[in-house]
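File shown here: my_file37.txt, holding compact mmCIF, C-alpha atoms and all ligand atoms.
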```
# COMPACT_ATOMS: atom_id res chain seq x y z
CA MET A 20 -5.53 -30.84 -38.05
CA LYS A 21 -2.84 -29.86 -40.50
CA TYR A 22 -3.71 -27.04 -42.88
CA ARG A 23 -2.53 -26.82 -46.44
CA VAL A 24 -1.98 -23.14 -45.65
CA PRO A 25 -1.63 -22.47 -41.91
CA GLN A 26 -2.12 -18.97 -40.51
CA LEU A 27 1.30 -18.84 -39.00
CA GLU A 28 4.62 -20.56 -38.65
CA PRO A 29 7.63 -19.04 -36.87
CA PHE A 30 10.92 -19.02 -38.80
CA VAL A 31 13.47 -20.92 -36.70
CA ASP A 32 16.39 -23.02 -37.86
CA GLU A 33 19.93 -24.10 -37.13
CA GLU A 34 20.95 -20.65 -35.79
CA GLU A 35 18.50 -20.86 -32.90
CA LEU A 36 19.57 -24.45 -32.20
CA GLN A 37 23.24 -23.47 -32.08
CA ASN A 38 22.58 -20.69 -29.58
CA LEU A 39 20.40 -22.97 -27.46
CA ARG A 40 23.17 -25.54 -27.48
CA LYS A 41 25.53 -22.92 -26.05
CA VAL A 42 23.08 -22.16 -23.25
CA ILE A 43 22.77 -25.83 -22.37
CA GLU A 44 26.51 -26.38 -22.53
CA THR A 45 27.25 -23.49 -20.19
CA ALA A 46 24.28 -24.51 -18.00
CA TRP A 47 23.39 -20.84 -17.40
CA LEU A 48 19.67 -20.98 -18.03
CA THR A 49 18.37 -17.86 -16.30
CA GLU A 50 19.02 -14.32 -17.47
CA GLY A 51 22.69 -14.21 -18.53
CA PRO A 52 24.96 -13.37 -21.48
CA PHE A 53 22.33 -13.94 -24.16
CA ALA A 54 19.86 -11.69 -22.32
CA GLU A 55 22.49 -8.96 -22.21
CA GLU A 56 23.29 -9.34 -25.90
CA PHE A 57 19.62 -9.49 -26.88
CA LEU A 58 18.77 -6.34 -24.95
CA THR A 59 21.80 -4.42 -26.22
CA LYS A 60 20.89 -5.25 -29.80
CA ILE A 61 17.26 -4.28 -29.30
CA LEU A 62 18.33 -0.91 -27.92
CA GLU A 63 20.60 -0.42 -30.94
CA LEU A 64 17.80 -1.37 -33.29
CA THR A 65 15.14 0.82 -31.68
CA GLY A 66 17.32 3.72 -30.58
CA ALA A 67 15.66 3.63 -27.15
CA ARG A 68 17.92 4.73 -24.29
CA TYR A 69 16.74 2.09 -21.81
CA GLY A 70 14.93 -1.20 -21.87
CA VAL A 71 14.08 -4.22 -19.76
CA LEU A 72 13.22 -7.68 -20.98
CA THR A 73 10.14 -9.34 -19.56
CA ASN A 74 7.92 -12.40 -19.85
CA ASN A 75 5.53 -11.24 -22.57
CA GLY A 76 3.87 -8.18 -24.05
CA THR A 77 0.90 -8.31 -21.70
CA ILE A 78 3.12 -8.20 -18.62
CA GLY A 79 5.26 -5.58 -20.38
CA LEU A 80 2.25 -3.27 -20.75
CA TYR A 81 1.29 -3.83 -17.13
CA LEU A 82 4.83 -2.98 -15.97
CA ALA A 83 5.02 0.05 -18.27
CA LEU A 84 1.75 1.40 -16.87
CA LEU A 85 2.93 0.90 -13.29
CA ALA A 86 6.30 2.45 -14.09
CA VAL A 87 4.80 5.65 -15.50
CA GLY A 88 2.68 5.95 -12.36
CA ILE A 89 -0.77 4.57 -13.19
CA HIS A 90 -2.78 3.92 -10.02
CA PRO A 91 -6.17 2.49 -9.09
CA GLY A 92 -8.93 4.91 -10.05
CA ASP A 93 -6.95 6.49 -12.91
CA GLU A 94 -8.18 6.34 -16.49
CA VAL A 95 -6.16 5.30 -19.53
CA ILE A 96 -7.36 5.90 -23.09
CA VAL A 97 -7.05 2.80 -25.29
CA PRO A 98 -8.26 2.11 -28.83
CA ASP A 99 -11.28 -0.18 -28.93
CA PHE A 100 -9.78 -2.28 -31.71
CA THR A 101 -6.74 -4.15 -30.40
CA PHE A 102 -5.73 -7.35 -28.68
CA ASN A 103 -7.46 -7.73 -25.34
CA ALA A 104 -4.20 -7.25 -23.40
CA SER A 105 -4.13 -3.52 -24.20
CA GLY A 106 -7.25 -3.16 -22.06
CA SER A 107 -6.65 -5.89 -19.49
CA SER A 108 -3.18 -4.58 -18.61
CA VAL A 109 -4.81 -1.26 -17.72
CA ALA A 110 -7.53 -3.00 -15.70
CA PHE A 111 -4.94 -4.99 -13.71
CA THR A 112 -3.33 -1.78 -12.44
CA GLY A 113 -6.72 -0.91 -10.96
CA ALA A 114 -7.21 1.85 -13.50
CA LYS A 115 -10.11 2.07 -15.91
CA PRO A 116 -9.57 1.56 -19.64
CA VAL A 117 -11.46 4.14 -21.68
CA PHE A 118 -12.02 3.01 -25.24
CA ILE A 119 -12.09 5.16 -28.36
CA ASP A 120 -12.88 4.31 -31.98
CA ILE A 121 -10.45 3.77 -34.86
CA ASN A 122 -10.00 5.14 -38.37
CA ARG A 123 -11.73 3.05 -40.99
CA ALA A 124 -8.90 3.52 -43.47
CA ASP A 125 -5.87 2.27 -41.52
CA LEU A 126 -7.47 0.64 -38.42
CA GLN A 127 -5.35 2.80 -36.09
CA MET A 128 -6.69 4.70 -33.09
CA ASN A 129 -8.69 7.75 -34.21
CA THR A 130 -6.61 10.44 -32.54
CA SER A 131 -9.31 13.07 -33.10
CA GLN A 132 -11.38 11.25 -30.45
CA ILE A 133 -8.79 11.42 -27.69
CA GLU A 134 -9.65 14.83 -26.32
CA LYS A 135 -13.32 14.19 -25.77
CA ALA A 136 -12.45 11.03 -23.82
CA ILE A 137 -10.28 12.96 -21.36
CA THR A 138 -11.70 13.46 -17.85
CA GLY A 139 -10.23 14.67 -14.58
CA LYS A 140 -9.04 11.12 -13.93
CA THR A 141 -7.22 10.53 -17.21
CA ARG A 142 -3.53 9.87 -16.64
CA ALA A 143 -2.31 8.19 -19.83
CA ILE A 144 -2.96 7.38 -23.49
CA MET A 145 -2.08 3.98 -24.93
CA PRO A 146 -1.68 4.21 -28.71
CA VAL A 147 -1.46 0.79 -30.36
CA HIS A 148 0.56 0.30 -33.53
CA MET A 149 -1.72 -2.01 -35.37
CA TYR A 150 -1.03 -4.67 -38.00
CA GLY A 151 2.44 -3.58 -39.08
CA GLN A 152 2.16 0.15 -39.40
CA ALA A 153 2.30 3.08 -36.98
CA CYS A 154 -0.46 4.94 -35.24
CA ASP A 155 -0.14 8.70 -35.79
CA MET A 156 1.96 9.70 -32.78
CA ASP A 157 2.30 13.48 -33.25
CA PRO A 158 -1.28 14.28 -32.22
CA VAL A 159 -1.01 11.79 -29.33
CA LEU A 160 2.17 13.45 -28.05
CA GLU A 161 0.75 16.92 -28.53
CA ILE A 162 -2.44 16.18 -26.58
CA ALA A 163 -0.49 14.31 -23.89
CA ALA A 164 1.82 17.29 -23.41
CA ARG A 165 -1.09 19.73 -23.27
CA TYR A 166 -3.00 17.72 -20.64
CA GLY A 167 0.02 16.39 -18.75
CA LEU A 168 -0.67 12.76 -19.65
CA LYS A 169 1.75 9.86 -20.01
CA VAL A 170 2.01 7.91 -23.26
CA VAL A 171 2.47 4.14 -23.12
CA GLU A 172 2.82 2.65 -26.60
CA ASP A 173 1.52 -0.82 -27.30
CA ALA A 174 4.09 -1.65 -29.97
CA ALA A 175 3.59 -5.38 -29.43
CA GLN A 176 3.34 -5.76 -33.21
CA GLY A 177 5.73 -2.89 -33.89
CA LEU A 178 9.20 -4.38 -34.25
CA GLY A 179 10.88 -2.75 -37.24
CA ILE A 180 8.14 -0.14 -37.65
CA VAL A 181 9.58 3.37 -37.75
CA TYR A 182 7.45 6.51 -37.42
CA LYS A 183 9.21 9.69 -38.59
CA ASN A 184 12.68 8.38 -37.75
CA ARG A 185 11.57 7.05 -34.37
CA HIS A 186 11.11 3.35 -33.78
CA THR A 187 7.67 2.48 -32.44
CA GLY A 188 7.79 1.73 -28.73
CA SER A 189 10.55 4.30 -28.18
CA ILE A 190 8.44 7.40 -28.82
CA GLY A 191 6.27 7.75 -25.71
CA ASP A 192 7.14 7.63 -22.00
CA ALA A 193 7.32 3.84 -22.26
CA GLY A 194 6.57 1.29 -24.96
CA VAL A 195 6.35 -2.45 -25.33
CA ILE A 196 7.42 -4.78 -28.14
CA SER A 197 6.32 -8.42 -27.90
CA PHE A 198 8.19 -11.52 -29.05
CA PHE A 199 5.22 -13.87 -29.04
CA ALA A 200 5.12 -16.54 -31.74
CA ASP A 201 3.04 -14.50 -34.18
CA LYS A 202 5.09 -11.30 -34.02
CA THR A 203 7.79 -10.32 -36.52
CA ILE A 204 10.43 -12.17 -34.51
CA THR A 205 9.78 -14.51 -31.61
CA THR A 206 11.29 -15.98 -28.47
CA GLY A 207 8.19 -18.10 -27.87
CA GLU A 208 7.08 -15.76 -25.10
CA GLY A 209 8.90 -12.54 -24.32
CA ALA A 210 8.89 -8.78 -24.62
CA VAL A 211 10.90 -5.64 -24.08
CA VAL A 212 9.74 -2.49 -22.32
CA LEU A 213 11.47 0.59 -23.71
CA SER A 214 11.84 4.05 -22.21
CA ASN A 215 14.04 7.08 -22.65
CA ASP A 216 13.46 8.21 -19.09
CA GLU A 217 15.89 7.07 -16.42
CA GLU A 218 13.44 7.11 -13.52
CA THR A 219 10.90 5.08 -15.45
CA TYR A 220 13.67 2.63 -16.28
CA ILE A 221 14.73 2.28 -12.64
CA ARG A 222 11.12 1.58 -11.65
CA LEU A 223 10.85 -1.01 -14.42
CA LYS A 224 14.02 -2.72 -13.27
CA LYS A 225 12.77 -2.94 -9.71
CA LEU A 226 9.27 -4.06 -10.63
CA ARG A 227 10.56 -6.96 -12.71
CA ASN A 228 13.25 -8.08 -10.31
CA GLN A 229 11.80 -8.37 -6.81
CA GLY A 230 11.97 -4.66 -6.01
CA ARG A 231 15.75 -4.43 -6.22
CA LEU A 232 18.34 -3.36 -8.78
CA GLN A 233 20.80 -6.24 -8.22
CA SER A 234 19.98 -9.93 -8.09
CA SER A 235 22.71 -10.76 -5.58
CA THR A 236 21.02 -9.26 -2.54
CA PHE A 237 18.20 -10.33 -0.25
CA ILE A 238 17.37 -6.76 0.64
CA HIS A 239 14.37 -5.47 -1.30
CA PRO A 240 13.93 -1.69 -1.10
CA THR A 241 10.57 -1.69 -2.90
CA LEU A 242 7.90 -4.20 -3.84
CA GLY A 243 8.46 -6.07 -7.05
CA LEU A 244 7.81 -9.51 -8.49
CA ASN A 245 9.70 -11.76 -10.88
CA PHE A 246 9.00 -10.79 -14.48
CA ARG A 247 12.30 -11.82 -16.05
CA MET A 248 13.11 -13.70 -19.26
CA THR A 249 15.45 -16.69 -19.46
CA ASP A 250 18.67 -17.06 -21.42
CA LEU A 251 17.04 -19.92 -23.32
CA GLN A 252 14.53 -17.45 -24.73
CA CYS A 253 17.13 -14.75 -25.33
CA ALA A 254 19.40 -17.22 -27.16
CA VAL A 255 16.53 -17.72 -29.60
CA GLY A 256 16.00 -13.95 -29.69
CA VAL A 257 19.62 -13.21 -30.64
CA ALA A 258 19.35 -15.63 -33.57
CA GLN A 259 15.97 -14.15 -34.53
CA LEU A 260 17.31 -10.58 -34.66
CA LYS A 261 19.67 -11.58 -37.48
CA LYS A 262 16.71 -12.81 -39.47
CA ILE A 263 14.81 -9.51 -39.46
CA PRO A 264 15.93 -8.29 -42.90
CA ARG A 265 15.09 -11.66 -44.47
CA ILE A 266 11.72 -11.87 -42.71
CA VAL A 267 10.74 -8.33 -43.69
CA GLU A 268 11.79 -8.78 -47.30
CA ARG A 269 9.90 -12.05 -47.62
CA LYS A 270 6.73 -10.73 -45.95
CA LEU A 271 6.67 -7.73 -48.28
CA LYS A 272 7.15 -9.99 -51.27
CA HIS A 273 4.25 -12.18 -50.12
CA TYR A 274 2.11 -9.11 -49.56
CA ASP A 275 2.82 -7.82 -53.08
CA LEU A 276 1.94 -11.19 -54.57
CA TYR A 277 -1.37 -11.24 -52.71
CA LYS A 278 -2.09 -7.73 -53.96
CA ARG A 279 -1.36 -8.70 -57.53
CA LEU A 280 -3.36 -11.91 -57.46
CA LEU A 281 -6.39 -10.34 -55.79
CA ALA A 282 -6.36 -7.11 -57.77
CA ASN A 283 -9.30 -8.19 -59.91
CA VAL A 284 -11.49 -9.51 -57.11
CA LYS A 285 -13.74 -6.53 -56.59
CA GLN A 286 -15.15 -7.89 -53.29
CA VAL A 287 -11.70 -7.65 -51.72
CA HIS A 288 -9.90 -4.47 -50.60
CA PHE A 289 -6.60 -4.22 -48.80
CA VAL A 290 -6.30 -2.15 -45.65
CA GLU A 291 -4.88 1.21 -46.61
CA GLU A 292 -1.22 2.02 -46.05
CA ASN A 293 -1.27 5.26 -44.08
CA GLY A 294 2.21 6.39 -45.12
CA LEU A 295 3.11 7.37 -41.54
CA SER A 296 5.68 4.58 -41.28
CA ASN A 297 7.12 1.71 -43.21
CA LEU A 298 4.88 -1.34 -43.43
CA ILE A 299 5.79 -4.84 -42.28
CA PRO A 300 2.62 -6.86 -42.90
CA PHE A 301 1.65 -8.44 -39.59
CA ARG A 302 -1.07 -10.31 -41.44
CA VAL A 303 -2.36 -9.69 -44.93
CA ASN A 304 -5.52 -7.87 -43.97
CA ILE A 305 -8.38 -7.53 -46.38
CA TRP A 306 -11.88 -6.12 -46.30
CA VAL A 307 -14.26 -8.60 -47.82
CA GLU A 308 -17.89 -9.20 -48.69
CA HIS A 309 -19.63 -12.22 -47.13
CA GLN A 310 -16.95 -12.44 -44.44
CA GLN A 311 -18.36 -15.40 -42.50
CA ASP A 312 -19.09 -17.47 -45.61
CA LEU A 313 -15.68 -16.71 -47.05
CA MET A 314 -13.91 -17.73 -43.85
CA ARG A 315 -15.83 -20.97 -43.73
CA TYR A 316 -15.07 -21.64 -47.38
CA LEU A 317 -11.35 -21.05 -46.87
CA GLU A 318 -11.34 -23.31 -43.80
CA ASP A 319 -13.12 -25.98 -45.85
CA HIS A 320 -10.28 -25.67 -48.34
CA SER A 321 -7.64 -26.14 -45.65
CA ILE A 322 -6.66 -22.48 -45.40
CA GLN A 323 -6.44 -21.22 -41.85
CA THR A 324 -7.94 -17.75 -41.61
CA ARG A 325 -8.35 -15.33 -38.75
CA GLY A 326 -10.92 -12.67 -38.19
CA TRP A 327 -9.81 -9.30 -36.94
CA PHE A 328 -9.82 -8.25 -33.31
CA TYR A 329 -13.02 -8.42 -31.33
CA PRO A 330 -13.79 -4.86 -30.19
CA LEU A 331 -12.87 -4.39 -26.55
CA HIS A 332 -16.18 -2.69 -25.68
CA ARG A 333 -17.92 -5.97 -26.62
CA GLN A 334 -15.62 -8.21 -24.60
CA PRO A 335 -17.45 -10.03 -21.81
CA CYS A 336 -14.58 -9.13 -19.46
CA PHE A 337 -15.22 -5.42 -20.05
CA SER A 338 -19.01 -5.52 -19.76
CA TYR A 339 -18.65 -3.67 -16.44
CA LEU A 340 -17.67 -0.57 -18.39
CA ASN A 341 -21.22 -0.41 -19.85
CA TYR A 342 -20.38 0.83 -23.31
CA SER A 343 -23.09 1.12 -25.90
CA GLU A 344 -22.77 -0.36 -29.37
CA SER A 345 -23.35 2.95 -31.08
CA ASP A 346 -20.15 4.39 -29.59
CA PHE A 347 -17.92 2.36 -31.91
CA PRO A 348 -19.17 2.21 -35.49
CA GLU A 349 -15.71 1.66 -36.94
CA THR A 350 -14.47 -1.13 -34.70
CA ASN A 351 -17.74 -2.98 -35.23
CA HIS A 352 -17.46 -2.47 -38.96
CA ALA A 353 -13.88 -3.78 -38.95
CA PHE A 354 -14.75 -6.80 -36.87
CA GLU A 355 -17.62 -7.69 -39.18
CA ASN A 356 -15.85 -7.21 -42.50
CA GLY A 357 -12.17 -8.05 -42.10
CA VAL A 358 -10.19 -11.20 -42.71
CA SER A 359 -6.51 -11.90 -42.05
CA LEU A 360 -4.67 -14.04 -44.58
CA PRO A 361 -1.47 -15.89 -43.71
CA VAL A 362 1.88 -14.21 -44.22
CA PHE A 363 5.07 -15.65 -42.79
CA TYR A 364 8.62 -16.33 -43.86
CA ASN A 365 8.23 -19.92 -45.00
CA LEU A 366 4.98 -19.40 -46.87
CA LYS A 367 5.40 -20.60 -50.45
CA GLU A 368 4.31 -18.77 -53.57
CA GLU A 369 2.18 -21.78 -54.52
CA GLN A 370 0.37 -21.49 -51.19
CA ILE A 371 -0.43 -17.81 -51.83
CA GLU A 372 -1.59 -18.69 -55.33
CA TYR A 373 -3.81 -21.36 -53.85
CA VAL A 374 -5.32 -18.92 -51.30
CA CYS A 375 -6.03 -16.32 -53.98
CA GLU A 376 -7.44 -18.89 -56.37
CA THR A 377 -9.72 -20.17 -53.61
CA ILE A 378 -10.94 -16.65 -52.83
CA ASN A 379 -11.53 -16.11 -56.51
CA ASN A 380 -13.50 -19.35 -56.71
CA PHE A 381 -15.56 -18.35 -53.71
CA TYR A 382 -16.75 -15.16 -55.39
CA TYR A 383 -16.85 -16.25 -59.02
CA GLY A 384 -16.82 -20.04 -59.18
CA THR A 385 -19.96 -22.14 -59.36
CA ALA A 386 -18.98 -23.98 -56.17
CA GLY A 387 -18.82 -20.82 -54.09
CA PRO A 388 -21.53 -20.87 -51.42
CA ALA A 389 -22.03 -17.15 -51.69
CA ASN A 390 -22.36 -17.11 -55.45
CA PRO A 391 -23.05 -13.39 -55.50
CA ARG A 392 -22.74 -13.58 -59.28
CA HIS A 393 -26.03 -15.40 -59.58
C1 LIG B 401 0.49 -9.68 -29.04
C2 LIG B 401 -0.09 -8.44 -28.56
C3 LIG B 401 -0.09 -8.12 -27.20
C4 LIG B 401 0.33 -9.07 -26.13
O1 LIG B 401 1.62 -9.55 -26.25
P1 LIG B 401 1.95 -11.00 -25.63
O2 LIG B 401 3.43 -11.08 -25.75
O3 LIG B 401 1.24 -12.01 -26.47
O4 LIG B 401 1.48 -11.01 -24.23
C5 LIG B 401 -0.57 -6.88 -26.83
N1 LIG B 401 -1.05 -6.01 -27.73
C6 LIG B 401 -1.08 -6.28 -29.04
C7 LIG B 401 -1.59 -5.26 -30.00
C8 LIG B 401 -0.62 -7.52 -29.50
O5 LIG B 401 -0.67 -7.80 -30.80
```

Let's see the structure in the file written out as structure tokens.
Ligand SMILES: *Cc1c(COP(=O)(O)O)cnc(C)c1O
Amino acid sequence: MKYRVPQLEPFVDEEELQNLRKVIETAWLTEGPFAEEFLTKILELTGARYGVLTNNGTIGLYLALLAVGIHPGDEVIVPDFTFNASGSSVAFTGAKPVFIDINRADLQMNTSQIEKAITGKTRAIMPVHMYGQACDMDPVLEIAARYGLKVVEDAAQGLGIVYKNRHTGSIGDAGVISFFADKTITTGEGAVVLSNDEETYIRLKKLRNQGRLQSSTFIHPTLGLNFRMTDLQCAVGVAQLKKIPRIVERKLKHYDLYKRLLANVKQVHFVEENGLSNLIPFRVNIWVEHQQDLMRYLEDHSIQTRGWFYPLHRQPCFSYLNYSESDFPETNHAFENGVSLPVFYNLKEEQIEYVCETINNFYYGTAGPANPRH
């Protein structure tokens, strides 16, 4: 089904095609010159000392956790409100994810809950930079230093997000930025793992490349697997990097238009900007009344909506952790009251006007199923 307003559409054009053509012409499809250029430019952009490219953000988190020394039986503190991969990457190391609640205002991990989640087995904290702004890193770093814990940032959504002069993903012991199709820039699938620590970097390099530092040897000093990207993906990535300023500018413009057009709808509130970083709207996230009815109404009007993340403590795959509902009032509240509206480069002003008009009709028009006015 084709939506009048889809949730998402990556911004790719002739520049990506030209780079892909070069890859095909040289017939070097695996990691090669474009991978090198892509990585170099990401390091320049983020200011991180080291980085490795890998298949996707999920694998990136898994590798980052292994590289900082997470082992079976360890515990890693993760916000309850995030994409499932933040928790599953921890589980795949054999460690136990320990969930904590979020702030209602900005949907970021509630850092005041970290300390009471720490046990004798805790080895790391995984702050997640959610929805285009930063999680407050100073308290995370302070607690981590005091308890001797590692910090692995899930900056999957964090490209371009800068917290106090430090790019997200480059602040902790390791951090991951994803290039999945719905992130700020995309290579289809792909990610980078960043670190400022040389030993962590060496471990990352070995883990992703068959346990060795060079590809031209059949001697494998340690165990690793193949978690590399291809030059086809990196060719797209190099073209995408050039688009960042345009993408950011356009997304912010869209966001402002939404804010203006929905300003008088009193059932709608935008997620607060926490002021800890710049904002690059990942989605346009709003708190709403009658969430389910509104989402159905928008779908009926050919607008593709998304709910917010399903709290990890409620995920069937984490039922073995035996959390109780009452532990997470804020993630439950967010899940039950939030809606994501589309925001992407090629979204047209008329489409945003149509979305806002439809929301307005839902709450105030006679056709609206909720008809709270009556
Ligand atoms: C997208 C995302 C991931 C996973 O990244 P993939 O590249 O899709 O595997 C992890 N965490 C968060 C918060 C994400 O948004």

Counting all atoms listed in the file, what residues are within 7 Å of ligand LIG 401 (chain B), given as a list of chain:residue names?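 Listed by chain and ascending number, the contacts are A:Asn75, A:Gly76, A:Thr77, A:Ile78, A:Thr101, A:Phe102, A:Ala104, A:Ser105, A:Val147, A:His148, A:Met149, A:Asp173, A:Ala174, A:Ala175, A:Gln176, A:Ser197, A:Phe198, A:Phe199, A:Lys202, A:Glu208, A:Gly209, A:Ala210.
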
Using all atoms listed in the file, which of the listed residues (A:Thr130, A:Ile121, A:Gln370, A:His90) sits closest to Arg142 in chain A? A:His90

Point out the residue among A:His309, A:Lys285, A:Lys225, A:His320 with the least atom-to-atom distance to Val358 in chain A, counting all atoms listed in the file.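 Smallest separation from Val358 in chain A among the options: A:His309.
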
Top pick for closest residue to Asn129 in chain A, considering A:Pro116, A:Pro98, A:Gly51, A:Gly326 and counting only C-alpha atoms: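 That would be A:Pro98, the residue with the smallest distance to Asn129 in chain A.
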
Distance of CA of Asp346 in chain A from CA of Asp120 in chain A, expressed in Å to one decimal place: 7.7 Å

Do you have the CA of Leu48 in chain A-CA of Ser189 in chain A distance handy? 28.7 Å

Which residues are close to Gly179 in chain A, i.e. within 8 Å by only C-alpha atoms, leaving aside same-chain residues fewer than 2 positions away? Reply as a ChimeraX atom specification. /A:65,177,181,186-187,299

Nearest to Phe337 in chain A by atom-to-atom distance, counting all atoms listed in the file, from A:Ile305, A:Met156, A:Ala110, A:Met248: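 Result for the nearest residue to Phe337 in chain A: A:Ala110.
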
Need the axis-aligned box for range 115-129 of chain A with 3 Å each side, so what are the centre and edges in Å to one decimal, as JSON?
```
{"center_x": -9.1, "center_y": 4.2, "center_z": -29.7, "size_x": 13.5, "size_y": 13.1, "size_z": 33.6}
```

The distance between CA of Ile119 in chain A and CA of Gln132 in chain A is 6.5 Å

Around (25.4, -11.0, -25.0) in the file's own coordinates, what residues are found within 12 Å if you use all atoms listed in the file, given back as a PyMOL selection string? chain A and resi 38+41-42+50-61+250+253-254+256-258

Would you write out those residues with C-alpha atoms, as an mmCIF file, in the coordinates of the input?
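Output (part-v5.cif):
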```cif
data_model
loop_
_atom_site.group_PDB
_atom_site.id
_atom_site.type_symbol
_atom_site.label_atom_id
_atom_site.label_comp_id
_atom_site.auth_asym_id
_atom_site.auth_seq_id
_atom_site.Cartn_x
_atom_site.Cartn_y
_atom_site.Cartn_z
ATOM 1 C CA ASN A 38 22.580 -20.690 -29.580
ATOM 2 C CA LYS A 41 25.530 -22.920 -26.050
ATOM 3 C CA VAL A 42 23.080 -22.160 -23.250
ATOM 4 C CA GLU A 50 19.020 -14.320 -17.470
ATOM 5 C CA GLY A 51 22.690 -14.210 -18.530
ATOM 6 C CA PRO A 52 24.960 -13.370 -21.480
ATOM 7 C CA PHE A 53 22.330 -13.940 -24.160
ATOM 8 C CA ALA A 54 19.860 -11.690 -22.320
ATOM 9 C CA GLU A 55 22.490 -8.960 -22.210
ATOM 10 C CA GLU A 56 23.290 -9.340 -25.900
ATOM 11 C CA PHE A 57 19.620 -9.490 -26.880
ATOM 12 C CA LEU A 58 18.770 -6.340 -24.950
ATOM 13 C CA THR A 59 21.800 -4.420 -26.220
ATOM 14 C CA LYS A 60 20.890 -5.250 -29.800
ATOM 15 C CA ILE A 61 17.260 -4.280 -29.300
ATOM 16 C CA ASP A 250 18.670 -17.060 -21.420
ATOM 17 C CA CYS A 253 17.130 -14.750 -25.330
ATOM 18 C CA ALA A 254 19.400 -17.220 -27.160
ATOM 19 C CA GLY A 256 16.000 -13.950 -29.690
ATOM 20 C CA VAL A 257 19.620 -13.210 -30.640
ATOM 21 C CA ALA A 258 19.350 -15.630 -33.570
#
```

Which residues are close to range 274-278 of chain A, i.e. within 9 Å by all atoms listed in the file, leaving aside same-chain residues fewer than 3 positions away? Reply as a VMD selection string. chain A and resid 269 to 271 281 to 282 289 300 302 to 303 362 368 371 to 372 374 to 375

Export of the given selection (C-alpha atoms) as an mmCIF file, in the frame of the given file:
```cif
data_model
loop_
_atom_site.group_PDB
_atom_site.id
_atom_site.type_symbol
_atom_site.label_atom_id
_atom_site.label_comp_id
_atom_site.auth_asym_id
_atom_site.auth_seq_id
_atom_site.Cartn_x
_atom_site.Cartn_y
_atom_site.Cartn_z
ATOM 1 C CA ARG A 269 9.900 -12.050 -47.620
ATOM 2 C CA LYS A 270 6.730 -10.730 -45.950
ATOM 3 C CA LEU A 271 6.670 -7.730 -48.280
ATOM 4 C CA LEU A 281 -6.390 -10.340 -55.790
ATOM 5 C CA ALA A 282 -6.360 -7.110 -57.770
ATOM 6 C CA PHE A 289 -6.600 -4.220 -48.800
ATOM 7 C CA PRO A 300 2.620 -6.860 -42.900
ATOM 8 C CA ARG A 302 -1.070 -10.310 -41.440
ATOM 9 C CA VAL A 303 -2.360 -9.690 -44.930
ATOM 10 C CA VAL A 362 1.880 -14.210 -44.220
ATOM 11 C CA GLU A 368 4.310 -18.770 -53.570
ATOM 12 C CA ILE A 371 -0.430 -17.810 -51.830
ATOM 13 C CA GLU A 372 -1.590 -18.690 -55.330
ATOM 14 C CA VAL A 374 -5.320 -18.920 -51.300
ATOM 15 C CA CYS A 375 -6.030 -16.320 -53.980
#
```

Rank nothing, just name the residue among A:Ala193, A:Phe354, A:Leu331, A:Ile266 nearest to Ser107 in chain A, using only C-alpha atoms.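 Closest candidate: A:Leu331.
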
With distances taken over all atoms listed in the file, the candidate from A:Leu62, A:Gln26, A:Val71, A:Thr203 nearest Arg325 in chain A is A:Gln26

Exercise: Tyr220 in chain A partners within 7 Å, all atoms listed in the file, chain neighbours under 4 positions left out, as a ChimeraX atom specification: /A:69-70,214,216,224

Non-local contacts of Gln334 in chain A (12 Å; only C-alpha atoms; under 2 positions in same chain excluded) as a short mmCIF file (atom, residue, chain, number, x, y, z; two decimals) with C-alpha atoms, in the coordinates of the input:
```cif
data_model
loop_
_atom_site.label_atom_id
_atom_site.label_comp_id
_atom_site.auth_asym_id
_atom_site.auth_seq_id
_atom_site.Cartn_x
_atom_site.Cartn_y
_atom_site.Cartn_z
CA ASP A 99 -11.28 -0.18 -28.93
CA PHE A 100 -9.78 -2.28 -31.71
CA THR A 101 -6.74 -4.15 -30.40
CA PHE A 102 -5.73 -7.35 -28.68
CA ASN A 103 -7.46 -7.73 -25.34
CA ALA A 104 -4.20 -7.25 -23.40
CA GLY A 106 -7.25 -3.16 -22.06
CA SER A 107 -6.65 -5.89 -19.49
CA PHE A 118 -12.02 3.01 -25.24
CA PHE A 328 -9.82 -8.25 -33.31
CA TYR A 329 -13.02 -8.42 -31.33
CA PRO A 330 -13.79 -4.86 -30.19
CA LEU A 331 -12.87 -4.39 -26.55
CA HIS A 332 -16.18 -2.69 -25.68
CA CYS A 336 -14.58 -9.13 -19.46
CA PHE A 337 -15.22 -5.42 -20.05
CA SER A 338 -19.01 -5.52 -19.76
CA TYR A 339 -18.65 -3.67 -16.44
CA LEU A 340 -17.67 -0.57 -18.39
CA ASN A 341 -21.22 -0.41 -19.85
CA TYR A 342 -20.38 0.83 -23.31
CA GLU A 344 -22.77 -0.36 -29.37
#
```
